[in-house]
Amino acid sequence: MECLRRKRSILTLTDMVESVKSNHELPSDGVVLTFDDGYYDFYTTAYPILKRLKIPCTLFPVTGLLKGSTVKWDDRLAYLLN
């Protein structure tokens with residue numbers, strides 16, 4: 001993350017979308033950092049690093065789990081193995 005911060009312009013997803021919508025030029029070294037799933041390990045592992053380095057990101061939670069549907073098969077397997 002430190003290397004990414006030094007070598008790239010890290011944009012928020014909102015900033016990137018607004019720039020595209022308004023036809024503003026994006027930085028050639030621009031990146032948007034996203035994380036899928038939103039599991040607890042994001043909060044315990046990635047978030048402290050991102051917060052310390054002041055790196056913005058977008059987190060996409062597993063919406064099916066929020067709606068109360070069944071647990072993903074790989075999560076069930078991980079639970080059984082652990």
# chains A, B, ... in the order shown; residues from 1 in each chain; ligands from 1
$ select_by_dssp --residues "stretch 17-70 of chain A" --states "alpha helix (DSSP H)" --output "PyMOL selection string"
chain A and resi 17-21+40-41+47-53+63-66
$ write_last_selection --atoms "N, CA and C atoms" --output "PDB file, in the first residue's frame"
ATOM      1  N   VAL A  17     -15.866   8.647 -10.868  1.00  0.00           N
ATOM      2  CA  VAL A  17     -17.140   8.686 -11.581  1.00  0.00           C
ATOM      3  C   VAL A  17     -17.498  10.126 -11.942  1.00  0.00           C
ATOM      4  N   GLU A  18     -17.336  11.046 -11.012  1.00  0.00           N
ATOM      5  CA  GLU A  18     -17.652  12.453 -11.286  1.00  0.00           C
ATOM      6  C   GLU A  18     -16.757  13.017 -12.384  1.00  0.00           C
ATOM      7  N   SER A  19     -15.492  12.647 -12.390  1.00  0.00           N
ATOM      8  CA  SER A  19     -14.582  13.116 -13.436  1.00  0.00           C
ATOM      9  C   SER A  19     -15.011  12.600 -14.806  1.00  0.00           C
ATOM     10  N   VAL A  20     -15.387  11.347 -14.863  1.00  0.00           N
ATOM     11  CA  VAL A  20     -15.826  10.759 -16.130  1.00  0.00           C
ATOM     12  C   VAL A  20     -17.129  11.415 -16.592  1.00  0.00           C
ATOM     13  N   LYS A  21     -18.068  11.585 -15.680  1.00  0.00           N
ATOM     14  CA  LYS A  21     -19.350  12.193 -16.041  1.00  0.00           C
ATOM     15  C   LYS A  21     -19.196  13.629 -16.536  1.00  0.00           C
ATOM     16  N   TYR A  40     -14.899  -9.495   7.956  1.00  0.00           N
ATOM     17  CA  TYR A  40     -14.289  -8.920   9.153  1.00  0.00           C
ATOM     18  C   TYR A  40     -12.782  -8.736   8.983  1.00  0.00           C
ATOM     19  N   ASP A  41     -12.123  -9.627   8.228  1.00  0.00           N
ATOM     20  CA  ASP A  41     -10.672  -9.498   8.066  1.00  0.00           C
ATOM     21  C   ASP A  41     -10.289  -8.222   7.303  1.00  0.00           C
ATOM     22  N   TYR A  47      -8.070  -2.340   6.785  1.00  0.00           N
ATOM     23  CA  TYR A  47      -8.509  -1.018   7.213  1.00  0.00           C
ATOM     24  C   TYR A  47      -7.462  -0.259   8.038  1.00  0.00           C
ATOM     25  N   PRO A  48      -6.806  -0.896   9.019  1.00  0.00           N
ATOM     26  CA  PRO A  48      -5.799  -0.145   9.781  1.00  0.00           C
ATOM     27  C   PRO A  48      -4.669   0.404   8.895  1.00  0.00           C
ATOM     28  N   ILE A  49      -4.274  -0.345   7.887  1.00  0.00           N
ATOM     29  CA  ILE A  49      -3.227   0.112   6.975  1.00  0.00           C
ATOM     30  C   ILE A  49      -3.731   1.275   6.127  1.00  0.00           C
ATOM     31  N   LEU A  50      -4.916   1.121   5.583  1.00  0.00           N
ATOM     32  CA  LEU A  50      -5.502   2.182   4.765  1.00  0.00           C
ATOM     33  C   LEU A  50      -5.709   3.455   5.572  1.00  0.00           C
ATOM     34  N   LYS A  51      -6.160   3.308   6.787  1.00  0.00           N
ATOM     35  CA  LYS A  51      -6.385   4.466   7.653  1.00  0.00           C
ATOM     36  C   LYS A  51      -5.067   5.160   7.978  1.00  0.00           C
ATOM     37  N   ARG A  52      -4.050   4.385   8.342  1.00  0.00           N
ATOM     38  CA  ARG A  52      -2.749   4.962   8.687  1.00  0.00           C
ATOM     39  C   ARG A  52      -2.144   5.714   7.514  1.00  0.00           C
ATOM     40  N   LEU A  53      -2.285   5.162   6.317  1.00  0.00           N
ATOM     41  CA  LEU A  53      -1.707   5.779   5.127  1.00  0.00           C
ATOM     42  C   LEU A  53      -2.658   6.770   4.444  1.00  0.00           C
ATOM     43  N   THR A  63     -24.001  -8.585  -0.700  1.00  0.00           N
ATOM     44  CA  THR A  63     -25.370  -8.145  -0.429  1.00  0.00           C
ATOM     45  C   THR A  63     -26.311  -9.297  -0.134  1.00  0.00           C
ATOM     46  N   GLY A  64     -26.042 -10.453  -0.693  1.00  0.00           N
ATOM     47  CA  GLY A  64     -26.901 -11.600  -0.409  1.00  0.00           C
ATOM     48  C   GLY A  64     -26.904 -11.943   1.070  1.00  0.00           C
ATOM     49  N   LEU A  65     -25.767 -11.815   1.716  1.00  0.00           N
ATOM     50  CA  LEU A  65     -25.685 -12.102   3.147  1.00  0.00           C
ATOM     51  C   LEU A  65     -26.456 -11.064   3.952  1.00  0.00           C
ATOM     52  N   LEU A  66     -26.463  -9.818   3.481  1.00  0.00           N
ATOM     53  CA  LEU A  66     -27.201  -8.779   4.180  1.00  0.00           C
ATOM     54  C   LEU A  66     -28.708  -9.002   4.073  1.00  0.00           C
TER      55      LEU A  66
END
$ select_by_dssp --residues "chain A" --states "strand (DSSP E or B)" --output "PyMOL selection string"
chain A and resi 9-11+30-32+34-37+58-61
$ closest_residue --among "A:Tyr39, A:Ile10, A:Phe60, A:Glu2" --to "A:Pro27" --atoms "only C-alpha atoms"
A:Ile10
$ closest_residue --among "A:Val32, A:Val71, A:Ala46, A:Ile55" --to "A:Leu13" --atoms "only C-alpha atoms"
A:Val32
$ closest_residue --among "A:Trp73, A:Pro61, A:Arg8, A:Met1" --to "A:Phe35" --atoms "only C-alpha atoms"
A:Pro61
$ residues_around --residues "A:Val62" --least-positions-apart "6" --cutoff "10 Å" --atoms "only C-alpha atoms" --output "list in words"
Asp36, Asp37, Gly38, Tyr39 and Lys72 of chain A
$ atom_distance --atom1 "atom CA of A:Cys3" --atom2 "atom CA of A:Phe42"
19.3 Å
